Amino acid sequence: MDGNPSTNRSVVEGRWFREVDESWNGYSLSLGVEEVLFHKKSDFQDILVFKSTSFGNVLVLDGIIQCTERDEFTYQEMICHLPMNVHPNPKKVLVIGGGDGGCVREVLKYTSVQKVVLAEIDKMVVDVSKLYLPQMSSGLSDPRVDIQICDGVDYICNHPGEFDVIITDAPDPVGPATELYEKKFYTKLKAALTPNGVICCQGQTVFISSELVASMVKMCKDVFPNVGYATGSTPTYATGIMGYMVASVNPEINLAEPVRQLSDADIDKMSLQNYNSQLHRSCFVLPTYIRKILRDIIDT
């Protein structure tokens, strides 16, 4: 979750990994460590993978937990199926970041999808995920997937009006991800969409990052005519709560109403463990404290 090089104090100490950011004011998250599988600095960030005692393999970037094998589905399904299920016919999808492959895996579950582009700046994340997170990265070998090792911001600038859905599976706004939290980035996202295009961005955790979330949503609202904010639960993210910013260039789309109503048979066929049509609607119903934070920005 939120962190920066000056305040991040995450470490492996004995049999425990502690995710610590001093700006969290006395809060930290710990996971038991069975074995460190990989630890190396790439050209962009520190990459750590360890086998935990109860959450499977864990990917950590710059000291911040990105995913665990046990609960990754709670995040991957929400950030993907929210935008995919409000677009009437998503054919071409762009995933920015997401080198672990989780988003690609989920997007490929839609028969309408003809092409998925993964724009990941750090090749080492892709390579490490293929080795240590095989269930998440399984879709990266699909013939519909085009892996581009590049800066996602540069990529969208060169592909105007091309994508039906864009998913920004970004780490926190530090290092190579800083640009993904600026107003000009949302402007570029909008330009890369087709007329009914939809985006979904990692929306941080309101409980400990209220000012950042409010700033992100305001910037997005300044660019898109249709913006919504949803929340979901992922146990190994700080506070267990994750936000999702969803927006469309089409002001008529109801972001909280899925265009496809998934039956139990659909859910089984798509191997969904978290997302369903009822959850889609309810995740836009925000707790009062979040409504107060966002009430002057969007209709909550």
# chains A, B, ... in the order shown; residues from 1 in each chain; ligands from 1

$ residues_around --residues "His39 (chain A)" --least-positions-apart "2" --cutoff "7 Å" --atoms "only C-alpha atoms" --output "PyMOL selection string"
chain A and resi 47-49

$ residues_around --residues "region 140-151 of chain A" --least-positions-apart "6" --cutoff "10 Å" --atoms "only C-alpha atoms" --output "NGL selection string"
:A and (92-97 or 99-105 or 108 or 113-124 or 126 or 130 or 134 or 176-177 or 179)

$ closest_residue --among "A:Ser30, A:Ser215, A:Thr178, A:Gln76" --to "Met242 (chain A)" --atoms "only C-alpha atoms"
A:Gln76

$ select_by_dssp --residues "region 67-289 of chain A" --states "alpha helix (DSSP H)" --output "PyMOL selection string"
chain A and resi 72-84+102-107+123-132+134-137+152-157+183-191+210-223+264-269+277-282+288-289

$ residues_around --residues "region 157-160 of chain A" --least-positions-apart "2" --cutoff "6 Å" --atoms "only C-alpha atoms" --output "MDAnalysis selection string"
chainID A and resid 154:155 162 191:192

$ residues_around --residues "Pro83 (chain A)" --least-positions-apart "2" --cutoff "7 Å" --atoms "only C-alpha atoms" --output "mmCIF file with all heavy atoms, in the first residue's frame"
data_model
loop_
_atom_site.group_PDB
_atom_site.id
_atom_site.type_symbol
_atom_site.label_atom_id
_atom_site.label_comp_id
_atom_site.auth_asym_id
_atom_site.auth_seq_id
_atom_site.Cartn_x
_atom_site.Cartn_y
_atom_site.Cartn_z
ATOM 1 N N CYS A 80 -10.594 -5.913 -12.586
ATOM 2 C CA CYS A 80 -10.854 -6.302 -13.974
ATOM 3 C C CYS A 80 -12.345 -6.386 -14.307
ATOM 4 O O CYS A 80 -12.800 -5.845 -15.310
ATOM 5 C CB CYS A 80 -10.198 -7.633 -14.286
ATOM 6 S SG CYS A 80 -8.399 -7.589 -14.247
ATOM 7 N N HIS A 81 -13.104 -7.068 -13.480
ATOM 8 C CA HIS A 81 -14.494 -7.334 -13.839
ATOM 9 C C HIS A 81 -15.407 -6.123 -13.650
ATOM 10 O O HIS A 81 -16.459 -6.046 -14.294
ATOM 11 C CB HIS A 81 -15.010 -8.547 -13.072
ATOM 12 C CG HIS A 81 -14.255 -9.795 -13.405
ATOM 13 N ND1 HIS A 81 -14.367 -10.415 -14.631
ATOM 14 C CD2 HIS A 81 -13.355 -10.526 -12.700
ATOM 15 C CE1 HIS A 81 -13.578 -11.478 -14.658
ATOM 16 N NE2 HIS A 81 -12.948 -11.565 -13.489
ATOM 17 N N ASN A 85 -17.404 -5.427 -17.097
ATOM 18 C CA ASN A 85 -18.840 -5.691 -17.059
ATOM 19 C C ASN A 85 -19.713 -4.458 -17.179
ATOM 20 O O ASN A 85 -20.935 -4.548 -17.041
ATOM 21 C CB ASN A 85 -19.196 -6.460 -15.782
ATOM 22 C CG ASN A 85 -19.091 -7.961 -15.988
ATOM 23 O OD1 ASN A 85 -19.664 -8.510 -16.926
ATOM 24 N ND2 ASN A 85 -18.345 -8.627 -15.137
ATOM 25 N N VAL A 86 -19.116 -3.306 -17.444
ATOM 26 C CA VAL A 86 -19.940 -2.146 -17.801
ATOM 27 C C VAL A 86 -19.691 -1.719 -19.247
ATOM 28 O O VAL A 86 -20.315 -0.770 -19.731
ATOM 29 C CB VAL A 86 -19.721 -0.951 -16.841
ATOM 30 C CG1 VAL A 86 -20.229 -1.291 -15.456
ATOM 31 C CG2 VAL A 86 -18.267 -0.516 -16.793
ATOM 32 N N HIS A 87 -18.798 -2.408 -19.931
ATOM 33 C CA HIS A 87 -18.610 -2.173 -21.369
ATOM 34 C C HIS A 87 -19.446 -3.197 -22.132
ATOM 35 O O HIS A 87 -19.394 -4.394 -21.836
ATOM 36 C CB HIS A 87 -17.142 -2.302 -21.770
ATOM 37 C CG HIS A 87 -16.867 -1.795 -23.149
ATOM 38 N ND1 HIS A 87 -17.245 -2.482 -24.288
ATOM 39 C CD2 HIS A 87 -16.285 -0.647 -23.578
ATOM 40 C CE1 HIS A 87 -16.886 -1.789 -25.351
ATOM 41 N NE2 HIS A 87 -16.295 -0.672 -24.960
ATOM 42 N N VAL A 165 -11.230 -1.080 -22.989
ATOM 43 C CA VAL A 165 -11.026 -1.074 -21.536
ATOM 44 C C VAL A 165 -9.541 -0.912 -21.258
ATOM 45 O O VAL A 165 -8.706 -1.560 -21.894
ATOM 46 C CB VAL A 165 -11.543 -2.378 -20.882
ATOM 47 C CG1 VAL A 165 -11.186 -2.411 -19.393
ATOM 48 C CG2 VAL A 165 -13.050 -2.508 -21.053
ATOM 49 N N VAL A 198 -13.882 2.392 -21.064
ATOM 50 C CA VAL A 198 -13.941 2.396 -19.603
ATOM 51 C C VAL A 198 -12.543 2.151 -19.054
ATOM 52 O O VAL A 198 -11.774 1.360 -19.603
ATOM 53 C CB VAL A 198 -14.889 1.292 -19.074
ATOM 54 C CG1 VAL A 198 -14.988 1.348 -17.546
ATOM 55 C CG2 VAL A 198 -16.264 1.411 -19.705
ATOM 56 N N ILE A 199 -12.219 2.830 -17.962
ATOM 57 C CA ILE A 199 -10.957 2.571 -17.269
ATOM 58 C C ILE A 199 -11.241 2.118 -15.841
ATOM 59 O O ILE A 199 -12.318 2.393 -15.287
ATOM 60 C CB ILE A 199 -10.039 3.815 -17.215
ATOM 61 C CG1 ILE A 199 -10.645 4.892 -16.299
ATOM 62 C CG2 ILE A 199 -9.749 4.347 -18.602
ATOM 63 C CD1 ILE A 199 -9.661 5.960 -15.849
ATOM 64 N N CYS A 200 -10.276 1.424 -15.262
ATOM 65 C CA CYS A 200 -10.315 1.136 -13.833
ATOM 66 C C CYS A 200 -8.892 1.230 -13.314
ATOM 67 O O CYS A 200 -7.983 0.612 -13.875
ATOM 68 C CB CYS A 200 -10.902 -0.241 -13.538
ATOM 69 S SG CYS A 200 -11.168 -0.555 -11.770
ATOM 70 N N VAL A 246 -13.263 3.881 -11.186
ATOM 71 C CA VAL A 246 -13.807 3.463 -12.469
ATOM 72 C C VAL A 246 -14.337 4.699 -13.196
ATOM 73 O O VAL A 246 -14.986 5.552 -12.574
ATOM 74 C CB VAL A 246 -14.955 2.446 -12.291
ATOM 75 C CG1 VAL A 246 -15.377 1.862 -13.635
ATOM 76 C CG2 VAL A 246 -14.539 1.328 -11.341
#

$ select_by_dssp --residues "region 69-102 of chain A" --states "strand (DSSP E)" --output "list of chain:residue names"
A:Lys92, A:Val93, A:Leu94, A:Val95, A:Ile96, A:Gly97

$ write_last_selection --atoms "N, CA, C and O atoms" --output "compact mmCIF listing (two decimals), in the first residue's frame"
# COMPACT_ATOMS: atom_id res chain seq x y z
N LYS A 92 -10.75 -5.06 -27.19
CA LYS A 92 -9.33 -4.78 -27.05
C LYS A 92 -9.07 -4.13 -25.70
O LYS A 92 -9.68 -3.11 -25.37
N VAL A 93 -8.18 -4.72 -24.93
CA VAL A 93 -7.95 -4.31 -23.55
C VAL A 93 -6.46 -4.01 -23.35
O VAL A 93 -5.60 -4.74 -23.86
N LEU A 94 -6.20 -2.95 -22.59
CA LEU A 94 -4.83 -2.61 -22.22
C LEU A 94 -4.70 -2.73 -20.70
O LEU A 94 -5.52 -2.20 -19.96
N VAL A 95 -3.66 -3.42 -20.26
CA VAL A 95 -3.32 -3.49 -18.84
C VAL A 95 -1.99 -2.77 -18.66
O VAL A 95 -0.97 -3.16 -19.25
N ILE A 96 -1.99 -1.71 -17.86
CA ILE A 96 -0.77 -0.96 -17.56
C ILE A 96 -0.27 -1.41 -16.20
O ILE A 96 -1.00 -1.37 -15.20
N GLY A 97 0.99 -1.83 -16.14
CA GLY A 97 1.49 -2.47 -14.93
C GLY A 97 1.01 -3.91 -14.95
O GLY A 97 0.81 -4.51 -16.01

$ closest_residue --among "A:Leu82, A:Ile241, A:Val249, A:Leu131" --to "Gln278 (chain A)" --atoms "only C-alpha atoms"
A:Leu82

$ residues_around --residues "region 220-230 of chain A" --least-positions-apart "6" --cutoff "8 Å" --atoms "only C-alpha atoms" --output "list in words"
Lys183, Tyr186, Thr187, Lys190, Gly203, Gly243, Tyr244, Met245, Val246, Ala247, Ser248, Val249, Asn250, Pro251, Glu252, Ile253, Leu255, Ala256, Cys283, Phe284, Val285, Leu286, Ile297, Ile298, Asp299 and Thr300 of chain A

$ residues_around --residues "Thr236 (chain A)" --least-positions-apart "6" --cutoff "8 Å" --atoms "only C-alpha atoms" --output "list in words"
Leu29, Ile65, Cys67, Thr68 and Asp71 of chain A

$ write_last_selection --atoms "N, CA, C and O atoms" --output "PDB file, in the first residue's frame"
ATOM      1  N   LEU A  29       1.869  -4.359   8.869  1.00  0.00           N
ATOM      2  CA  LEU A  29       1.301  -5.649   8.483  1.00  0.00           C
ATOM      3  C   LEU A  29       2.432  -6.664   8.459  1.00  0.00           C
ATOM      4  O   LEU A  29       3.509  -6.384   7.930  1.00  0.00           O
ATOM      5  N   ILE A  65       3.714  -5.122  -0.225  1.00  0.00           N
ATOM      6  CA  ILE A  65       3.092  -6.348  -0.725  1.00  0.00           C
ATOM      7  C   ILE A  65       2.208  -6.027  -1.929  1.00  0.00           C
ATOM      8  O   ILE A  65       1.313  -5.179  -1.858  1.00  0.00           O
ATOM      9  N   CYS A  67       0.928  -8.845  -4.011  1.00  0.00           N
ATOM     10  CA  CYS A  67      -0.047  -9.922  -4.116  1.00  0.00           C
ATOM     11  C   CYS A  67       0.450 -11.132  -3.359  1.00  0.00           C
ATOM     12  O   CYS A  67       1.654 -11.304  -3.151  1.00  0.00           O
ATOM     13  N   THR A  68      -0.493 -11.954  -2.945  1.00  0.00           N
ATOM     14  CA  THR A  68      -0.173 -13.263  -2.377  1.00  0.00           C
ATOM     15  C   THR A  68      -1.017 -14.297  -3.108  1.00  0.00           C
ATOM     16  O   THR A  68      -2.117 -13.990  -3.592  1.00  0.00           O
ATOM     17  N   ASP A  71      -4.805 -14.715  -1.571  1.00  0.00           N
ATOM     18  CA  ASP A  71      -5.911 -13.749  -1.673  1.00  0.00           C
ATOM     19  C   ASP A  71      -5.850 -12.836  -2.890  1.00  0.00           C
ATOM     20  O   ASP A  71      -6.622 -11.892  -2.999  1.00  0.00           O
TER      21      ASP A  71
END

$ residues_around --residues "Val206 (chain A)" --least-positions-apart "3" --cutoff "10 Å" --atoms "only C-alpha atoms" --output "compact mmCIF listing (two decimals) with C-alpha atoms, in the first residue's frame"
# COMPACT_ATOMS: atom_id res chain seq x y z
CA GLY A 203 -7.69 3.41 -6.00
CA SER A 209 -4.77 7.68 2.41
CA SER A 210 -7.85 9.90 2.31
CA GLU A 211 -6.10 12.96 0.90
CA LEU A 212 -4.45 10.96 -1.87
CA VAL A 213 -7.72 9.25 -2.80
CA ALA A 214 -9.63 12.54 -2.87
CA THR A 231 -14.27 -0.56 -2.51
CA THR A 239 -6.23 -2.16 6.50
CA ILE A 241 -9.56 -2.37 2.14
CA MET A 242 -8.81 -1.46 -1.47
CA GLY A 243 -10.40 1.24 -3.60
CA TYR A 289 -16.72 8.15 6.16
CA ILE A 290 -15.75 7.64 2.50
CA ILE A 293 -14.40 12.46 1.84

$ closest_residue --among "A:Tyr132, A:Phe17, A:Tyr237, A:Phe207" --to "Gly32 (chain A)" --atoms "only C-alpha atoms"
A:Phe17

$ atom_distance --atom1 "CA of Ser138 (chain A)" --atom2 "CA of Gly232 (chain A)"
24.2 Å

$ closest_residue --among "A:Met136, A:Val107, A:Met270, A:Leu193" --to "Met84 (chain A)" --atoms "only C-alpha atoms"
A:Val107

$ closest_residue --among "A:Cys201, A:Val125, A:Leu262, A:Leu294" --to "Asp43 (chain A)" --atoms "only C-alpha atoms"
A:Val125

$ closest_residue --among "A:Asn276, A:Ser129, A:Ser10, A:Ser263" --to "Leu37 (chain A)" --atoms "only C-alpha atoms"
A:Ser129

$ atom_distance --atom1 "CA of Ile79 (chain A)" --atom2 "CA of Leu279 (chain A)"
12.7 Å
